[in-house]
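This report refers to the structure that appears directly beneath it.
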Amino acid sequence: MKLKFISDLAYQRRAIDSVVNIFKGQPLKQSNFTVSYGEGAGMLQTDLGVGNRLDLTGEEILKNVQGIQVENGLARSDMLDGMNFTVEMETGTGKTYVYLRTIFELNRKYGFSKFVIVVPSVAIREGVHKSLEVTKQHFAELYDRTPLEYFVYDSDKLDQVRNFATATAIQVMIINIDAFRKSFDDPDREDKSNLIHRANDRMNGYRPIEFIQQTNPITIIDEPQSVDTTPKSKEAISSLRPLCTLRFSATHVEKYNMVYRLDAVDAYNEKLVKKIEVMSVRSEEDHNLPYMKLIEVKPGKAKLELDVETRGKVKRTAKTVKNGDDLFDVSGGRELYRNLFVEQIDWTEGSESIEVNGNRLAVGEAIGAHGEDNLKRYQIRKTIEEHLDKELQLKPKGIKVLSLFFIDKVANYRDYDRNGNPVPGIYAEIFEEEYRKLIRKPKYRGLFEDIDEESAQAARIHNGYFAQDKKGVLKDTKGNTAADTDVYSLIMKEKERLLSLDEPLRFIFSHSALREGWDNPNVFQICTLKDTAGTYVSRRQEIGRGLRLAVNQSGERVDDYNINTLTVMANESYEEFVANLQKEMEEQTGIVFGKIEAHTFAKLGYFNPETDELLALGYDKSAELYAWLKAAGYVDRKDKATGSLKEAMETGELPLPDEFAPWSSAILRELNHVVNRLPIKDAAKKRKVKLNKAILDSAEFLELWDKIKYKTVYSVEFDSSELIEKAAAGISSMPKIDRVRIISRKDRISGIDRLSGVEGSMTSERVEDHIAPGHVLPDIITELQNRTNLTRKTVVRILASCGRLDDFKNNPQRFIEEASKIIQREMRLLLADGVRYHKIGDGACYAVELFKSEELLAYLNDNALPSRKSPFDYVLYDSYTIEAKFAERFENDPDVKVYVKLPGWFKIDTPVGNYNPDWAAVITKDGVEKLYFVIETKGTTIESGLRPEELAKIKFAKKHFEAIDARIAFAGPESDVNEFMLKVNG
């Protein structure tokens with residue numbers, strides 16, 4: 001199987017455009033068909049080859065960055081912090097795909113052709129190389145076969161560096177930071193890591209680094225928090241002399257000029273990654289034996305976990321101990337610890353341990369924890385059971401299910417006998433025992449052609465990915481050794497094989513090699529069979545291995561959110577897991593849950609249908625709103641949302657000042673996002689939703705379904721000559737575009753104040769001259785084609801009729817930007833009027849029987865409400881503040897006879913994407929007349945508060961229901977169920 005990639009994911013396009021627009025105003029690249037002599041746009045001829053050329057000033061770049069930051073709701077840079085730009089994207093959302101596609105976009109638009117990707121480890125380097133391989137065909141189709149050459153830097157193949165400098169095609173070099181950082185630690189080193197900085201006869205006496213430097217490469221840093229962590233690393237990056245540095249990660253430590261942010265909360269809430277549920281597996285603490293567990297060892301001391309008594313209560317607590325300490329005293333005087341002494345502490349690297357009365361404890365080992373093995377057996381059993389349940393659901397859909405175990409020691413999975421022969425460890429033995437028991441349950445028999453054969457070959461469905469020494473012996477490592485690299489390379493090469501249903505391997509055991517860089521779309525279960533001591537991998541790193549949305553056997557992404565659930569088997573309570581994960585996110589990403597800042601609302605806008613514009617609130621108005629919230633007591637001194645804000649959001653009573661009225665719905669949405677907690681589900685409260693046959697077979701429901709079940713197709717009908725006429729008229733009447741001006745300004749210093757500093761005022765400003773057009777004119781027809789998707793003939797007719805081509809000569813970039821906006825606006829307006837829906841036929845419909853195959857899971861007290869009037873015994877909802885209130889009213893109102901939360905497979909095709917309405921209901925008026933409704937619920941009833949795409953989908957849906965002649969009312973957007981019911985009975 002081959003993975004397939006989606007080219008039109010809006011959040012990825014926003015990330016790419018945010019980087020591309022940093023260089024807005026840079027001369028555009030000419031068409032691939034244009035013959036040019038000398039340097040082209042974005043190209044610089046050097047002594048050693050061809051490099052990137054930037055024509056913009058720092059002031060122009062800063063202005064562009066500030067505009068991007070306002071649009072994306074980010075803190076505004078008051079000055080450029082170097083030519084460093086930050087892109088934050090949550091694990092599993094396609095960070096690597098985004099920066100690889102950004103390379104093509106920067107070349108297509110500006111002609112930049114030299115790129116260096118710097119990675120923290122050989123393992124991640126191999127991952128990037130693999131990504132370039134698997135996306136090669138995809139990008140070739142997207143970018144008209146534009147050639148891109150890529151290679152991994154190898155000091156034995158320095159000719160590749162020369163070719164990187166001299167070639168005119170897009171060049172991408174992938175290099176590990178250690179390949180050129182170590183020389184800064186010791187310039188006289190003779191090993192291979194210093195060859196890049198040494199003169200070489202094969203390169204005409206030049207140093208390889210000089211060939212790279214003269215290209216002014218755009219440097220992309222993958223995981224910068226692990227790359228430029230020291231002054232020497234920063235010096236090494238600077239030695240490349242990059243045109244700019246683009247930094248991509250989910251967990252930035254230093255954030256320079258951030259231009260795009262898709263953090264963990266946004267990714268979860270927007271359903272761009274799997275939803276997470278936690279199955280907590282814990283035993284009650286047993287304080288009847290002298291329990292000891294070694295947490296860590298430092299010179300002269302150790303941290304030991306004991307059952308300590310304080311004020312009559314015993315609690316498991318970590319205590320620092322030294323040689324000779326009496327554990328009776330350390331434990332608070334518990335008799336169980338009398339005469340137990342710390343006799344020796346060994347802090348030698350690799351041998352960290354302590355001895356207590358002759359018993360040696362290594363880091364992570366415990367004495368007196370007799371329930372540990374039973375607990376881990378239960379975790380393994382629940383993981384297998386959850387895995388098999390998912391297989392029952394997903395195998396018929398062509399989706400392979402994988403489970404991942406993180407373990408504390410390799411020996412617990414694969415050990416060796418006295419002769420050095422490999423034997424199963426305790427976890428492998430437990431796994432196979434529990435697997436054989438579970439597959440014999442009647443409900444799982446349909447998964448296997450032959451249960452006995454599957455049981456006999458249980459060993460083939462699980463395997464461990466561990467580092468090994470030179471003799472092939474598996475060993476514990478920290479995840480950053482050469483041996484780990486071999487493991488990582490192996491599993492990266494097998495990534496697609498693991499996704500195939502033909503491959504029996506389904507359960508993967510890992511120690512530390514999979515802590516970062518590797519993930520697989522179809523990991524649905526992650527089980528932690530380890531402790532936080534010694535081999536610590538953060539919860540966030542662990543769940544990151546399974547966040548990516550699943551794919552089917554065709555390699556296509558599966559968007560069904562009921563399918564995309566990652567189950568974490570945690571050895572701590574649900575509350576502890578969520579609290580600790582949230583704490584890790586705050587520490588690693590800078591997210592502060594519940595925090596409101598001056599720039600929080602800057603990107604918010606409302607759509608003005610009359611002008612077809614999205615009007616942003618802007619940074620200054622955002623700061624005013626922030627100040628008002630603070631003064632009103634909704635934000636505290638630490639910029640955290642207060643309880644009164646949360647209460648106001650839940651009751652819908654937040655009295656925003658009138659000046660913010662046009663943006664009120666967007667502001668409320670943003671505040672709701674801030675006050676909500678991380679959306680992680682408690683698997684202990686998970687229930688399978690049961691079909692309510694009495695409702696499904698009722699006359700009212702069948703009559704409702706018979707009205708709305710039919711499918712339609714749409715056609716787009718508009719007169720191209722009308723588009724040409726209106727677009728040409730719009731361009732003709734747009735403001736004049738002059739040549740670039742030289743402006744002089746005179747200011748007078750009026751005073752110097754201790755608080756405000758130097759104060760002054762402008763006394764005059766005037767245009768001195770215009771810069772004569774000396775640029776090469778880009779291919780405007782191709783450029784407008786790419787931006788509008790119109791035919792070349794149509795673009796030519798628009799330009800020929802507009803009468804403004806002299807403006808294009810004055811400032812090509814500005815003209816293309818303004819003209820494309822006008823054409824796109826006229827296209828949207830014509831499209832809205834020109835779409836016609838047609839009923840396909842009585843046979844093309846969503847059959848009511850589809851409800852019987854629907855598998856839904858509810859999380860009690862979270863996203864589910866018991867139901868007596870819908871086709872299931874629970875109705876599921878996404879938003880408590882809106883959807884839950886509709887469900888509650890529908891359940892309790894006697895005028896509502898039946899209703900249904902429309903399932904994800906009930907979709908209406910529209911020109912701007914599939915649309916899934918929220919509700920359908922049968923409601924009586926005056927207790928007699930039956931009315932049939934399809935209802936869309938949103939956070940606002942004001943159409944101008946909706947995004948253009950949302951507004952368009954609702955309008956197209958109304959046309960769909962008109963076309964099927966359903967005699968059903970389409971209501972929406974509705975934000976208040978009580979207001980809606982008043983309109984029904986009005």
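Every chain in the structure tokens has a letter given in the order shown (A, B, ...), and although residue numbers restart at 1 in each chain, ligands are simply numbered from 1 in the order shown.
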- Message: Using DSSP secondary structure from the backbone, list all alpha helix (DSSP H) positions within stretch 71-261 of chain A, as number ranges by chain.
- Response: A: 71, 95-110, 122-134, 136-142, 159-166, 178-185, 208-213, 231-238
- Query: Could you pull the residues within 12 Å of A:Thr57, counting only C-alpha atoms, minus those fewer than 5 positions along the same chain, as a list in words?
  - Reply: Ile22, Phe23, Lys24, Gly25, Gln26, Leu62, Lys63, Asn64, Leu80 and Met83 of chain A
Contacts of stretch 301-304 of chain A within 12 Å, only C-alpha atoms, excl. fewer than 4 positions in-chain, as a PDB file with N, CA and C atoms, in the first residue's frame:
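Final file, part-v8.pdb:
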ATOM      1  N   TYR A 291       7.663  -1.567  51.596  1.00  0.00           N
ATOM      2  CA  TYR A 291       7.797  -1.235  50.174  1.00  0.00           C
ATOM      3  C   TYR A 291       8.936  -0.241  49.973  1.00  0.00           C
ATOM      4  N   MET A 292       9.792  -0.502  48.965  1.00  0.00           N
ATOM      5  CA  MET A 292      10.874   0.414  48.595  1.00  0.00           C
ATOM      6  C   MET A 292      11.039   0.398  47.082  1.00  0.00           C
ATOM      7  N   LYS A 293      11.207   1.572  46.517  1.00  0.00           N
ATOM      8  CA  LYS A 293      11.441   1.668  45.073  1.00  0.00           C
ATOM      9  C   LYS A 293      12.452   2.780  44.819  1.00  0.00           C
ATOM     10  N   LEU A 294      13.501   2.455  44.049  1.00  0.00           N
ATOM     11  CA  LEU A 294      14.548   3.430  43.763  1.00  0.00           C
ATOM     12  C   LEU A 294      14.131   4.304  42.584  1.00  0.00           C
ATOM     13  N   ILE A 295      14.035   5.600  42.825  1.00  0.00           N
ATOM     14  CA  ILE A 295      13.599   6.550  41.788  1.00  0.00           C
ATOM     15  C   ILE A 295      14.783   7.083  40.989  1.00  0.00           C
ATOM     16  N   GLU A 296      15.822   7.588  41.684  1.00  0.00           N
ATOM     17  CA  GLU A 296      16.998   8.103  40.987  1.00  0.00           C
ATOM     18  C   GLU A 296      18.184   8.107  41.928  1.00  0.00           C
ATOM     19  N   VAL A 297      19.386   8.183  41.362  1.00  0.00           N
ATOM     20  CA  VAL A 297      20.621   8.196  42.141  1.00  0.00           C
ATOM     21  C   VAL A 297      21.470   9.374  41.688  1.00  0.00           C
ATOM     22  N   VAL A 308       5.317   6.180  53.876  1.00  0.00           N
ATOM     23  CA  VAL A 308       5.665   7.059  54.996  1.00  0.00           C
ATOM     24  C   VAL A 308       4.408   7.412  55.784  1.00  0.00           C
ATOM     25  N   ARG A 316       2.446   6.846  50.105  1.00  0.00           N
ATOM     26  CA  ARG A 316       3.650   6.506  49.341  1.00  0.00           C
ATOM     27  C   ARG A 316       4.341   7.802  48.943  1.00  0.00           C
ATOM     28  N   THR A 317       5.596   7.979  49.405  1.00  0.00           N
ATOM     29  CA  THR A 317       6.291   9.261  49.262  1.00  0.00           C
ATOM     30  C   THR A 317       7.745   9.027  48.885  1.00  0.00           C
ATOM     31  N   ALA A 318       8.291   9.898  48.021  1.00  0.00           N
ATOM     32  CA  ALA A 318       9.706   9.834  47.641  1.00  0.00           C
ATOM     33  C   ALA A 318      10.530  10.613  48.650  1.00  0.00           C
ATOM     34  N   LYS A 319      11.558   9.974  49.209  1.00  0.00           N
ATOM     35  CA  LYS A 319      12.426  10.593  50.195  1.00  0.00           C
ATOM     36  C   LYS A 319      13.882  10.500  49.731  1.00  0.00           C
ATOM     37  N   THR A 320      14.678  11.520  50.041  1.00  0.00           N
ATOM     38  CA  THR A 320      16.103  11.496  49.735  1.00  0.00           C
ATOM     39  C   THR A 320      16.847  10.820  50.879  1.00  0.00           C
ATOM     40  N   VAL A 321      17.692   9.828  50.553  1.00  0.00           N
ATOM     41  CA  VAL A 321      18.434   9.079  51.577  1.00  0.00           C
ATOM     42  C   VAL A 321      19.923   9.102  51.257  1.00  0.00           C
ATOM     43  N   LYS A 322      20.733   8.879  52.316  1.00  0.00           N
ATOM     44  CA  LYS A 322      22.190   8.819  52.174  1.00  0.00           C
ATOM     45  C   LYS A 322      22.681   7.523  52.806  1.00  0.00           C
ATOM     46  N   ASN A 323      23.941   7.204  52.602  1.00  0.00           N
ATOM     47  CA  ASN A 323      24.533   6.014  53.208  1.00  0.00           C
ATOM     48  C   ASN A 323      24.333   6.029  54.720  1.00  0.00           C
ATOM     49  N   GLY A 324      23.901   4.893  55.248  1.00  0.00           N
ATOM     50  CA  GLY A 324      23.741   4.758  56.691  1.00  0.00           C
ATOM     51  C   GLY A 324      22.391   5.168  57.220  1.00  0.00           C
ATOM     52  N   ASP A 325      21.515   5.743  56.380  1.00  0.00           N
ATOM     53  CA  ASP A 325      20.199   6.181  56.868  1.00  0.00           C
ATOM     54  C   ASP A 325      19.371   4.997  57.345  1.00  0.00           C
ATOM     55  N   LEU A 327      15.853   3.470  57.719  1.00  0.00           N
ATOM     56  CA  LEU A 327      14.563   3.658  57.045  1.00  0.00           C
ATOM     57  C   LEU A 327      13.406   3.692  58.025  1.00  0.00           C
ATOM     58  N   VAL A 330      13.206   7.351  58.444  1.00  0.00           N
ATOM     59  CA  VAL A 330      12.772   7.981  57.193  1.00  0.00           C
ATOM     60  C   VAL A 330      11.279   7.751  56.966  1.00  0.00           C
ATOM     61  N   SER A 331      10.764   6.587  57.374  1.00  0.00           N
ATOM     62  CA  SER A 331       9.365   6.240  57.127  1.00  0.00           C
ATOM     63  C   SER A 331       8.404   6.839  58.142  1.00  0.00           C
ATOM     64  N   VAL A 342      20.301   1.871  54.724  1.00  0.00           N
ATOM     65  CA  VAL A 342      20.953   2.083  53.429  1.00  0.00           C
ATOM     66  C   VAL A 342      22.436   1.822  53.610  1.00  0.00           C
ATOM     67  N   GLU A 343      22.937   0.751  52.966  1.00  0.00           N
ATOM     68  CA  GLU A 343      24.308   0.334  53.188  1.00  0.00           C
ATOM     69  C   GLU A 343      25.275   0.840  52.119  1.00  0.00           C
ATOM     70  N   GLN A 344      24.770   1.064  50.898  1.00  0.00           N
ATOM     71  CA  GLN A 344      25.666   1.516  49.840  1.00  0.00           C
ATOM     72  C   GLN A 344      24.875   2.211  48.747  1.00  0.00           C
ATOM     73  N   ILE A 345      25.451   3.275  48.192  1.00  0.00           N
ATOM     74  CA  ILE A 345      24.857   3.971  47.049  1.00  0.00           C
ATOM     75  C   ILE A 345      25.897   4.011  45.935  1.00  0.00           C
ATOM     76  N   ASP A 346      25.551   3.487  44.773  1.00  0.00           N
ATOM     77  CA  ASP A 346      26.452   3.465  43.616  1.00  0.00           C
ATOM     78  C   ASP A 346      25.894   4.404  42.549  1.00  0.00           C
ATOM     79  N   TRP A 347      26.624   5.483  42.251  1.00  0.00           N
ATOM     80  CA  TRP A 347      26.142   6.424  41.230  1.00  0.00           C
ATOM     81  C   TRP A 347      26.978   6.350  39.940  1.00  0.00           C
ATOM     82  N   GLU A 352      23.749   2.574  38.409  1.00  0.00           N
ATOM     83  CA  GLU A 352      23.091   3.296  39.489  1.00  0.00           C
ATOM     84  C   GLU A 352      22.226   2.354  40.325  1.00  0.00           C
ATOM     85  N   SER A 353      22.505   2.296  41.630  1.00  0.00           N
ATOM     86  CA  SER A 353      21.774   1.372  42.499  1.00  0.00           C
ATOM     87  C   SER A 353      22.033   1.719  43.956  1.00  0.00           C
ATOM     88  N   ILE A 354      21.260   1.086  44.860  1.00  0.00           N
ATOM     89  CA  ILE A 354      21.524   1.162  46.292  1.00  0.00           C
ATOM     90  C   ILE A 354      21.387  -0.245  46.873  1.00  0.00           C
ATOM     91  N   GLU A 355      21.952  -0.417  48.071  1.00  0.00           N
ATOM     92  CA  GLU A 355      21.774  -1.670  48.795  1.00  0.00           C
ATOM     93  C   GLU A 355      21.123  -1.380  50.134  1.00  0.00           C
ATOM     94  N   VAL A 356      20.090  -2.153  50.450  1.00  0.00           N
ATOM     95  CA  VAL A 356      19.402  -2.052  51.737  1.00  0.00           C
ATOM     96  C   VAL A 356      19.451  -3.436  52.379  1.00  0.00           C
ATOM     97  N   LEU A 361      19.005  -2.712  44.766  1.00  0.00           N
ATOM     98  CA  LEU A 361      17.907  -2.146  43.988  1.00  0.00           C
ATOM     99  C   LEU A 361      18.490  -1.264  42.891  1.00  0.00           C
ATOM    100  N   ALA A 362      18.180  -1.556  41.625  1.00  0.00           N
ATOM    101  CA  ALA A 362      18.552  -0.670  40.519  1.00  0.00           C
ATOM    102  C   ALA A 362      17.461   0.374  40.338  1.00  0.00           C
ATOM    103  N   VAL A 363      17.781   1.432  39.574  1.00  0.00           N
ATOM    104  CA  VAL A 363      16.790   2.487  39.335  1.00  0.00           C
ATOM    105  C   VAL A 363      15.558   1.885  38.664  1.00  0.00           C
ATOM    106  N   GLY A 364      14.392   2.176  39.238  1.00  0.00           N
ATOM    107  CA  GLY A 364      13.135   1.665  38.708  1.00  0.00           C
ATOM    108  C   GLY A 364      12.671   0.383  39.341  1.00  0.00           C
ATOM    109  N   GLU A 365      13.554  -0.317  40.074  1.00  0.00           N
ATOM    110  CA  GLU A 365      13.176  -1.574  40.711  1.00  0.00           C
ATOM    111  C   GLU A 365      12.526  -1.328  42.060  1.00  0.00           C
ATOM    112  N   ALA A 366      11.681  -2.274  42.473  1.00  0.00           N
ATOM    113  CA  ALA A 366      10.938  -2.116  43.718  1.00  0.00           C
ATOM    114  C   ALA A 366      10.963  -3.416  44.515  1.00  0.00           C
ATOM    115  N   ILE A 367      10.860  -3.304  45.831  1.00  0.00           N
ATOM    116  CA  ILE A 367      10.688  -4.426  46.754  1.00  0.00           C
ATOM    117  C   ILE A 367       9.366  -4.220  47.478  1.00  0.00           C
ATOM    118  N   ALA A 533      10.561   6.555  36.490  1.00  0.00           N
ATOM    119  CA  ALA A 533      11.980   6.600  36.831  1.00  0.00           C
ATOM    120  C   ALA A 533      12.823   5.999  35.716  1.00  0.00           C
ATOM    121  N   GLY A 534      14.014   6.499  35.560  1.00  0.00           N
ATOM    122  CA  GLY A 534      14.998   5.891  34.657  1.00  0.00           C
ATOM    123  C   GLY A 534      14.695   6.145  33.197  1.00  0.00           C
TER     124      GLY A 534
END
- Residues within 10 Å of A:Gln379, only C-alpha atoms, excluding chain neighbours under 4 positions, as a list in words: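 What passes the distance filter is Met279, Ser280, Val281, Arg282, Asp373, Asn374, Leu375, Thr383, Ile384, Glu385, Phe431, Cys527, Thr528, Leu529, Met569, Ala570 and Asn571 of chain A.
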Restricting the output to C-alpha atoms, write the selected residues as a short mmCIF file (atom, residue, chain, number, x, y, z; two decimals), in the first residue's frame.
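Saved to out-v1.cif:
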data_model
loop_
_atom_site.label_atom_id
_atom_site.label_comp_id
_atom_site.auth_asym_id
_atom_site.auth_seq_id
_atom_site.Cartn_x
_atom_site.Cartn_y
_atom_site.Cartn_z
CA MET A 279 -8.22 3.93 30.62
CA SER A 280 -6.87 4.20 34.16
CA VAL A 281 -5.45 0.96 35.57
CA ARG A 282 -4.37 1.23 39.20
CA ASP A 373 2.91 -7.97 38.05
CA ASN A 374 -0.83 -8.48 38.40
CA LEU A 375 -1.41 -4.83 37.57
CA THR A 383 -4.95 -3.34 25.78
CA ILE A 384 -5.45 -6.58 23.83
CA GLU A 385 -9.18 -6.47 24.54
CA PHE A 431 0.99 -11.06 26.37
CA CYS A 527 -0.01 1.07 26.96
CA THR A 528 2.56 2.22 29.53
CA LEU A 529 4.26 -0.77 31.18
CA MET A 569 -3.77 2.59 29.18
CA ALA A 570 -2.32 4.69 32.00
CA ASN A 571 -0.95 3.45 35.31
#
- Message: Show me, as a list in words, the residues that have an atom within 10 Å of A:Arg787 when counting only C-alpha atoms, minus same-chain residues fewer than 6 positions from it.
- Response: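 Everything that qualifies: Ile816, Glu817, Ser820, Lys821, Ile823 and Gln824 of chain A.
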Resulting file, chosen residues, C-alpha atoms, as a PDB file, in the first residue's frame:
ATOM      1  CA  ILE A 816      -1.518  40.814  -9.250  1.00  0.00           C
ATOM      2  CA  GLU A 817      -2.573  40.760  -5.588  1.00  0.00           C
ATOM      3  CA  SER A 820      -6.774  38.322  -7.996  1.00  0.00           C
ATOM      4  CA  LYS A 821      -8.821  39.531  -4.973  1.00  0.00           C
ATOM      5  CA  ILE A 823     -11.627  38.188  -9.598  1.00  0.00           C
ATOM      6  CA  GLN A 824     -12.046  35.783  -6.642  1.00  0.00           C
TER       7      GLN A 824
END
- Task: Find the spatial neighbours of A:Ser867, counting only C-alpha atoms, within a cut-off of 10 Å - ignore same-chain residues fewer than 4 positions away - and output them as a list in words.
- Result: Asn692, Pro871, Phe872, Asp873, Tyr874, Val875, Leu876, Ala887, Glu888, Phe890, Glu891, Asn892 and Tyr899 of chain A
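Distance check against A:Tyr427 using only C-alpha atoms: of A:Ile16, A:Leu902, A:Ala123, A:Ile407, the minimum falls on A:Ile407.
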- Query: Restricting the calculation to only C-alpha atoms, which member of A:Asn810, A:Asn863, A:Asn985, A:Gln582 is positioned closest to A:Glu929?
  - Reply: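 Closest candidate: A:Asn985.
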- Spatial neighbours of stretch 908-915 of chain A, max dist 8 Å, only C-alpha atoms, sep filter under 3 positions, as a ChimeraX atom specification: /A:711-714,949,952-953,956-957,960
- Item | Point-to-point distance from atom CA of A:Ser664 to atom CA of A:Phe970, Å rounded to tenths |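 Computing the Euclidean distance for atom CA of A:Ser664 and atom CA of A:Phe970 yields 24.5 Å.
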